[in-house]
Protein chains: 2
Amino acid sequence: MSDQAPSVRTQVKRVPEVAAYDRASIDAVLDEALVCHLGFVDETGQPYVIPTLHARVGDELLIHGSSASRALKVLADGAPVCVTVTLLDGLVLARSVFEHSVEYRSVMILGTARLIEDPDEKMRALEALTEQLIPGRWAEARQPNDKEMKATWILSIPLDEASAKISLGPPDDSDSPDADLPVWAGNLPLRTVVGEPVPDPEAKQDLPVPDSVRNFTRPGWG
Amino acid sequence: MSDQAPSVRTQVKRVPEVAAYDRASIDAVLDEALVCHLGFVDETGQPYVIPTLHARVGDELLIHGSSASRALKVLADGAPVCVTVTLLDGLVLARSVFEHSVEYRSVMILGTARLIEDPDEKMRALEALTEQLIPGRWAEARQPNDKEMKATWILSIPLDEASAKISLGPPDDSDSPDADLPVWAGNLPLRTVVGEPVPDPEAKQDLPVPDSVRNFTRPGWG
């Protein structure tokens, strides 16, 4: 594990105590999250931030979308990209309004994307994206046909310029003069829970809920 | 309510059935969410996406941060901004891998930000940000002093160029040839739940959990 930032621009500058640059910390956030936020810039200099699904495979982050997507076209042409993933773990309730915050874990990845064109690599990438969403589902569902493969673009973004920010734990005003104020301080945890599966009301067949759905959880949800 | 996009660049192009431009739809997403993703571009053309807290007040979205924040400096200087808010409601499990997706509600706001400098407006904005995080907390906690006010910058972004994307409901392959496949299809709902409050282990006083913490919920959590 290294705690060196891989570049000046991924170095966390203002609150360095929450920075992490080791791949285990970064991978844990990427693997737990269902959604990332993809940032790109259009030809007028306007930034756009769009939510999308992702998968981490080894040293790469994969994202996919329609071959008609403007964002994917811009990025496949080599425009700089930023992908940010954020997990929200709770509220931090300090004695002062100023120190209020949230418990969170986030990762920011900078770089340029590569369009995956090799058919075998693309099929494996689609499998990884499906399995990141819901492990075990690839083997249960109908796999992509040629038309669907053509309609899908997949981009790969290397993880070599990534950093994590991890901010967990109690408010840090317990050693300040505020500690004597009669104000309750602490944390309010938040977590995501899975509800009961809802079968498609239009289904023609009455099928049992499959293992992938019954067993769905995320690494880190415990 | 209007279903007209306020600008060409906020018009949802590829999947227009999920687009919403009315303020009620947009406000509901902004008000439920705890975190937004703020996109800006540095002088090299690199986009950055950072998670931050927000509050909606009328026709404005407020964000705050340290007066030393590079992002806030760039945006206060008039750089174009994109703020995206995403709520994840569940998984969409289709018969084909290709149609797998998530249930989500998201809002994208484009524009330029204004630095709030008037002291009264700034204090009201801080109150709104605290109350968006946890209603009722402003009156319980110690309010900002002059030093904290100087250390905080607040930006206001108008909501006049905003759009929502709302994608909820069952997979839409029930009228395709895939409907005859023996593959379970439906939704797996996700929701956020609040845990038990955790008092600061360093607290000097044994205080009761206040109403703001005990009653914490979000609009839309039901």
# chains A, B, ... in the order shown; residues from 1 in each chain; ligands from 1
>>> residues_around(residues="stretch 156-172 of chain B", least_positions_apart="4", cutoff="6 Å", atoms="only C-alpha atoms", output="list in words")
Asp200 of chain A; Pro6, Thr10, Val18, Ala19, Ala20, Tyr21, Ile26, Asp59, Glu60, Leu61, Leu62, Val92, Ala94, Glu103, Tyr104, Arg105, Ser106, Val107, Met108, Ile109, Leu110, Ala113, Arg114 and Gly186 of chain B
>>> write_last_selection(atoms="C-alpha atoms", output="PDB file, in the first residue's frame")
ATOM      1  CA  ASP A 200     -42.912  -7.720 -13.522  1.00  0.00           C
TER       2      ASP A 200
ATOM      3  CA  PRO B   6     -35.728  25.487 -20.752  1.00  0.00           C
ATOM      4  CA  THR B  10     -30.812  20.680 -20.969  1.00  0.00           C
ATOM      5  CA  VAL B  18     -38.077   9.930 -18.817  1.00  0.00           C
ATOM      6  CA  ALA B  19     -37.550  13.686 -19.108  1.00  0.00           C
ATOM      7  CA  ALA B  20     -39.248  16.181 -16.803  1.00  0.00           C
ATOM      8  CA  TYR B  21     -38.788  19.925 -16.856  1.00  0.00           C
ATOM      9  CA  ILE B  26     -36.986  18.961 -10.123  1.00  0.00           C
ATOM     10  CA  ASP B  59     -35.331  29.257  -7.398  1.00  0.00           C
ATOM     11  CA  GLU B  60     -31.719  28.799  -6.300  1.00  0.00           C
ATOM     12  CA  LEU B  61     -29.439  25.915  -5.402  1.00  0.00           C
ATOM     13  CA  LEU B  62     -26.916  26.774  -2.688  1.00  0.00           C
ATOM     14  CA  VAL B  92     -34.399  -3.143 -13.046  1.00  0.00           C
ATOM     15  CA  ALA B  94     -34.996  -7.582 -17.435  1.00  0.00           C
ATOM     16  CA  GLU B 103     -34.620   2.892 -11.149  1.00  0.00           C
ATOM     17  CA  TYR B 104     -33.429   6.434 -10.532  1.00  0.00           C
ATOM     18  CA  ARG B 105     -34.411  10.071 -10.338  1.00  0.00           C
ATOM     19  CA  SER B 106     -31.797  12.655 -11.275  1.00  0.00           C
ATOM     20  CA  VAL B 107     -31.574  16.388 -11.862  1.00  0.00           C
ATOM     21  CA  MET B 108     -28.959  18.282 -13.858  1.00  0.00           C
ATOM     22  CA  ILE B 109     -28.501  22.027 -13.434  1.00  0.00           C
ATOM     23  CA  LEU B 110     -26.356  24.108 -15.788  1.00  0.00           C
ATOM     24  CA  ALA B 113     -22.740  30.620  -9.847  1.00  0.00           C
ATOM     25  CA  ARG B 114     -22.950  33.819  -7.816  1.00  0.00           C
ATOM     26  CA  GLY B 186     -38.898  -7.422 -12.168  1.00  0.00           C
TER      27      GLY B 186
END
>>> select_by_dssp(residues="stretch 26-182 of chain A", states="alpha helix (DSSP H)", output="number ranges by chain")
A: 26-32, 70-76, 119-133, 146-151
>>> write_last_selection(atoms="N, CA and C atoms", output="JSON list (two decimals), in the first residue's frame")
[["chain", "number", "residue", "atom", "x", "y", "z"],
["A", 26, "ILE", "N", -9.37, 2.48, -2.60],
["A", 26, "ILE", "CA", -10.06, 2.95, -3.82],
["A", 26, "ILE", "C", -11.00, 1.85, -4.35],
["A", 27, "ASP", "N", -10.48, 0.62, -4.44],
["A", 27, "ASP", "CA", -11.28, -0.48, -5.00],
["A", 27, "ASP", "C", -12.52, -0.75, -4.14],
["A", 28, "ALA", "N", -12.38, -0.64, -2.82],
["A", 28, "ALA", "CA", -13.52, -0.95, -1.94],
["A", 28, "ALA", "C", -14.69, -0.01, -2.23],
["A", 29, "VAL", "N", -14.39, 1.25, -2.47],
["A", 29, "VAL", "CA", -15.45, 2.22, -2.78],
["A", 29, "VAL", "C", -16.06, 1.93, -4.15],
["A", 30, "LEU", "N", -15.19, 1.72, -5.13],
["A", 30, "LEU", "CA", -15.70, 1.46, -6.50],
["A", 30, "LEU", "C", -16.55, 0.19, -6.54],
["A", 31, "ASP", "N", -16.16, -0.83, -5.78],
["A", 31, "ASP", "CA", -16.86, -2.11, -5.86],
["A", 31, "ASP", "C", -18.19, -2.09, -5.09],
["A", 32, "GLU", "N", -18.28, -1.27, -4.06],
["A", 32, "GLU", "CA", -19.53, -1.20, -3.29],
["A", 32, "GLU", "C", -20.60, -0.38, -4.02],
["A", 70, "ARG", "N", -23.77, 11.26, -26.62],
["A", 70, "ARG", "CA", -22.81, 12.34, -26.86],
["A", 70, "ARG", "C", -21.62, 12.23, -25.91],
["A", 71, "ALA", "N", -21.91, 11.93, -24.64],
["A", 71, "ALA", "CA", -20.84, 11.83, -23.65],
["A", 71, "ALA", "C", -19.81, 10.79, -24.07],
["A", 72, "LEU", "N", -20.28, 9.62, -24.49],
["A", 72, "LEU", "CA", -19.35, 8.56, -24.85],
["A", 72, "LEU", "C", -18.55, 8.92, -26.09],
["A", 73, "LYS", "N", -19.19, 9.61, -27.05],
["A", 73, "LYS", "CA", -18.47, 10.04, -28.26],
["A", 73, "LYS", "C", -17.34, 11.00, -27.92],
["A", 74, "VAL", "N", -17.67, 12.00, -27.09],
["A", 74, "VAL", "CA", -16.68, 12.99, -26.69],
["A", 74, "VAL", "C", -15.51, 12.31, -25.99],
["A", 75, "LEU", "N", -15.82, 11.37, -25.11],
["A", 75, "LEU", "CA", -14.77, 10.71, -24.33],
["A", 75, "LEU", "C", -13.96, 9.73, -25.18],
["A", 76, "ALA", "N", -14.63, 9.04, -26.11],
["A", 76, "ALA", "CA", -13.90, 8.11, -26.99],
["A", 76, "ALA", "C", -12.94, 8.87, -27.89],
["A", 119, "PRO", "N", -14.20, -7.60, -29.96],
["A", 119, "PRO", "CA", -15.47, -8.23, -29.58],
["A", 119, "PRO", "C", -15.39, -9.08, -28.31],
["A", 120, "ASP", "N", -14.30, -9.83, -28.14],
["A", 120, "ASP", "CA", -14.19, -10.67, -26.94],
["A", 120, "ASP", "C", -14.04, -9.80, -25.69],
["A", 121, "GLU", "N", -13.18, -8.78, -25.79],
["A", 121, "GLU", "CA", -12.98, -7.89, -24.64],
["A", 121, "GLU", "C", -14.30, -7.18, -24.30],
["A", 122, "LYS", "N", -15.04, -6.81, -25.36],
["A", 122, "LYS", "CA", -16.30, -6.09, -25.14],
["A", 122, "LYS", "C", -17.33, -7.00, -24.46],
["A", 123, "MET", "N", -17.37, -8.26, -24.87],
["A", 123, "MET", "CA", -18.33, -9.18, -24.24],
["A", 123, "MET", "C", -17.97, -9.40, -22.77],
["A", 124, "ARG", "N", -16.66, -9.54, -22.48],
["A", 124, "ARG", "CA", -16.24, -9.71, -21.08],
["A", 124, "ARG", "C", -16.56, -8.46, -20.26],
["A", 125, "ALA", "N", -16.43, -7.30, -20.90],
["A", 125, "ALA", "CA", -16.73, -6.04, -20.20],
["A", 125, "ALA", "C", -18.23, -5.95, -19.88],
["A", 126, "LEU", "N", -19.06, -6.38, -20.82],
["A", 126, "LEU", "CA", -20.51, -6.36, -20.56],
["A", 126, "LEU", "C", -20.87, -7.32, -19.43],
["A", 127, "GLU", "N", -20.17, -8.46, -19.42],
["A", 127, "GLU", "CA", -20.38, -9.41, -18.32],
["A", 127, "GLU", "C", -20.00, -8.75, -16.98],
["A", 128, "ALA", "N", -18.86, -8.06, -16.96],
["A", 128, "ALA", "CA", -18.41, -7.41, -15.72],
["A", 128, "ALA", "C", -19.40, -6.33, -15.28],
["A", 129, "LEU", "N", -19.94, -5.58, -16.23],
["A", 129, "LEU", "CA", -20.91, -4.53, -15.87],
["A", 129, "LEU", "C", -22.19, -5.14, -15.31],
["A", 130, "THR", "N", -22.64, -6.25, -15.89],
["A", 130, "THR", "CA", -23.84, -6.92, -15.38],
["A", 130, "THR", "C", -23.57, -7.49, -13.99],
["A", 131, "GLU", "N", -22.41, -8.10, -13.83],
["A", 131, "GLU", "CA", -22.07, -8.73, -12.55],
["A", 131, "GLU", "C", -21.80, -7.70, -11.45],
["A", 132, "GLN", "N", -21.32, -6.50, -11.85],
["A", 132, "GLN", "CA", -21.15, -5.43, -10.85],
["A", 132, "GLN", "C", -22.53, -4.99, -10.34],
["A", 133, "LEU", "N", -23.50, -4.91, -11.25],
["A", 133, "LEU", "CA", -24.85, -4.50, -10.85],
["A", 133, "LEU", "C", -25.48, -5.56, -9.95],
["A", 146, "ASP", "N", -25.99, -9.53, -31.65],
["A", 146, "ASP", "CA", -25.13, -8.64, -32.45],
["A", 146, "ASP", "C", -25.66, -7.21, -32.50],
["A", 147, "LYS", "N", -26.97, -7.10, -32.64],
["A", 147, "LYS", "CA", -27.57, -5.77, -32.73],
["A", 147, "LYS", "C", -27.34, -4.99, -31.42],
["A", 148, "GLU", "N", -27.53, -5.67, -30.29],
["A", 148, "GLU", "CA", -27.34, -5.02, -28.99],
["A", 148, "GLU", "C", -25.87, -4.66, -28.76],
["A", 149, "MET", "N", -24.98, -5.55, -29.23],
["A", 149, "MET", "CA", -23.54, -5.25, -29.09],
["A", 149, "MET", "C", -23.19, -3.99, -29.89],
["A", 150, "LYS", "N", -23.76, -3.88, -31.09],
["A", 150, "LYS", "CA", -23.47, -2.69, -31.92],
["A", 150, "LYS", "C", -24.03, -1.42, -31.28],
["A", 151, "ALA", "N", -25.15, -1.55, -30.58],
["A", 151, "ALA", "CA", -25.81, -0.38, -29.99],
["A", 151, "ALA", "C", -25.15, 0.07, -28.69]]
>>> atom_distance(atom1="atom CA of A:Leu91", atom2="atom CA of A:Leu53")
25.4 Å
>>> closest_residue(among="A:Ala33, A:Asp178, A:Val49, A:Phe40", to="A:Glu99", atoms="only C-alpha atoms")
A:Asp178
>>> select_by_dssp(residues="stretch 29-211 of chain A", states="strand (DSSP E)", output="count of residues only")
77
>>> atom_distance(atom1="atom CA of A:Gln46", atom2="atom CA of B:Pro51")
18.3 Å
>>> atom_distance(atom1="atom CA of B:Ala185", atom2="atom CA of A:Ala203")
7.4 Å
>>> residues_around(residues="A:Phe216", least_positions_apart="3", cutoff="10 Å", atoms="only C-alpha atoms", output="ChimeraX atom specification")
/A:133-136,194,211-213 /B:188
>>> write_last_selection(atoms="N, CA and C atoms", output="compact mmCIF listing (two decimals), in the first residue's frame")
# COMPACT_ATOMS: atom_id res chain seq x y z
N LEU A 133 -23.50 -4.91 -11.25
CA LEU A 133 -24.85 -4.50 -10.85
C LEU A 133 -25.48 -5.56 -9.95
N ILE A 134 -25.40 -6.81 -10.37
CA ILE A 134 -26.05 -7.89 -9.61
C ILE A 134 -25.33 -9.20 -9.90
N PRO A 135 -24.49 -9.62 -8.97
CA PRO A 135 -23.68 -10.83 -9.19
C PRO A 135 -24.56 -12.06 -9.47
N GLY A 136 -24.15 -12.82 -10.46
CA GLY A 136 -24.86 -14.04 -10.82
C GLY A 136 -25.88 -13.86 -11.92
N VAL A 194 -32.25 -3.47 1.02
CA VAL A 194 -32.87 -4.07 -0.14
C VAL A 194 -34.29 -4.46 0.23
N ASP A 211 -31.61 -16.85 -7.71
CA ASP A 211 -30.60 -16.67 -6.67
C ASP A 211 -29.98 -15.28 -6.70
N SER A 212 -29.71 -14.75 -7.89
CA SER A 212 -29.03 -13.46 -7.99
C SER A 212 -29.84 -12.39 -7.26
N VAL A 213 -31.15 -12.44 -7.41
CA VAL A 213 -32.03 -11.43 -6.81
C VAL A 213 -32.22 -11.72 -5.33
N LEU B 188 -35.91 -4.79 -7.99
CA LEU B 188 -35.43 -4.99 -6.63
C LEU B 188 -35.28 -3.60 -6.01
>>> closest_residue(among="B:Pro199, B:Gly65, B:Pro182, B:Gly45", to="chain A", atoms="only C-alpha atoms")
B:Pro199
>>> closest_residue(among="B:Pro80, B:Gly220, B:Gln205, B:Ser176", to="B:Thr192", atoms="only C-alpha atoms")
B:Gly220
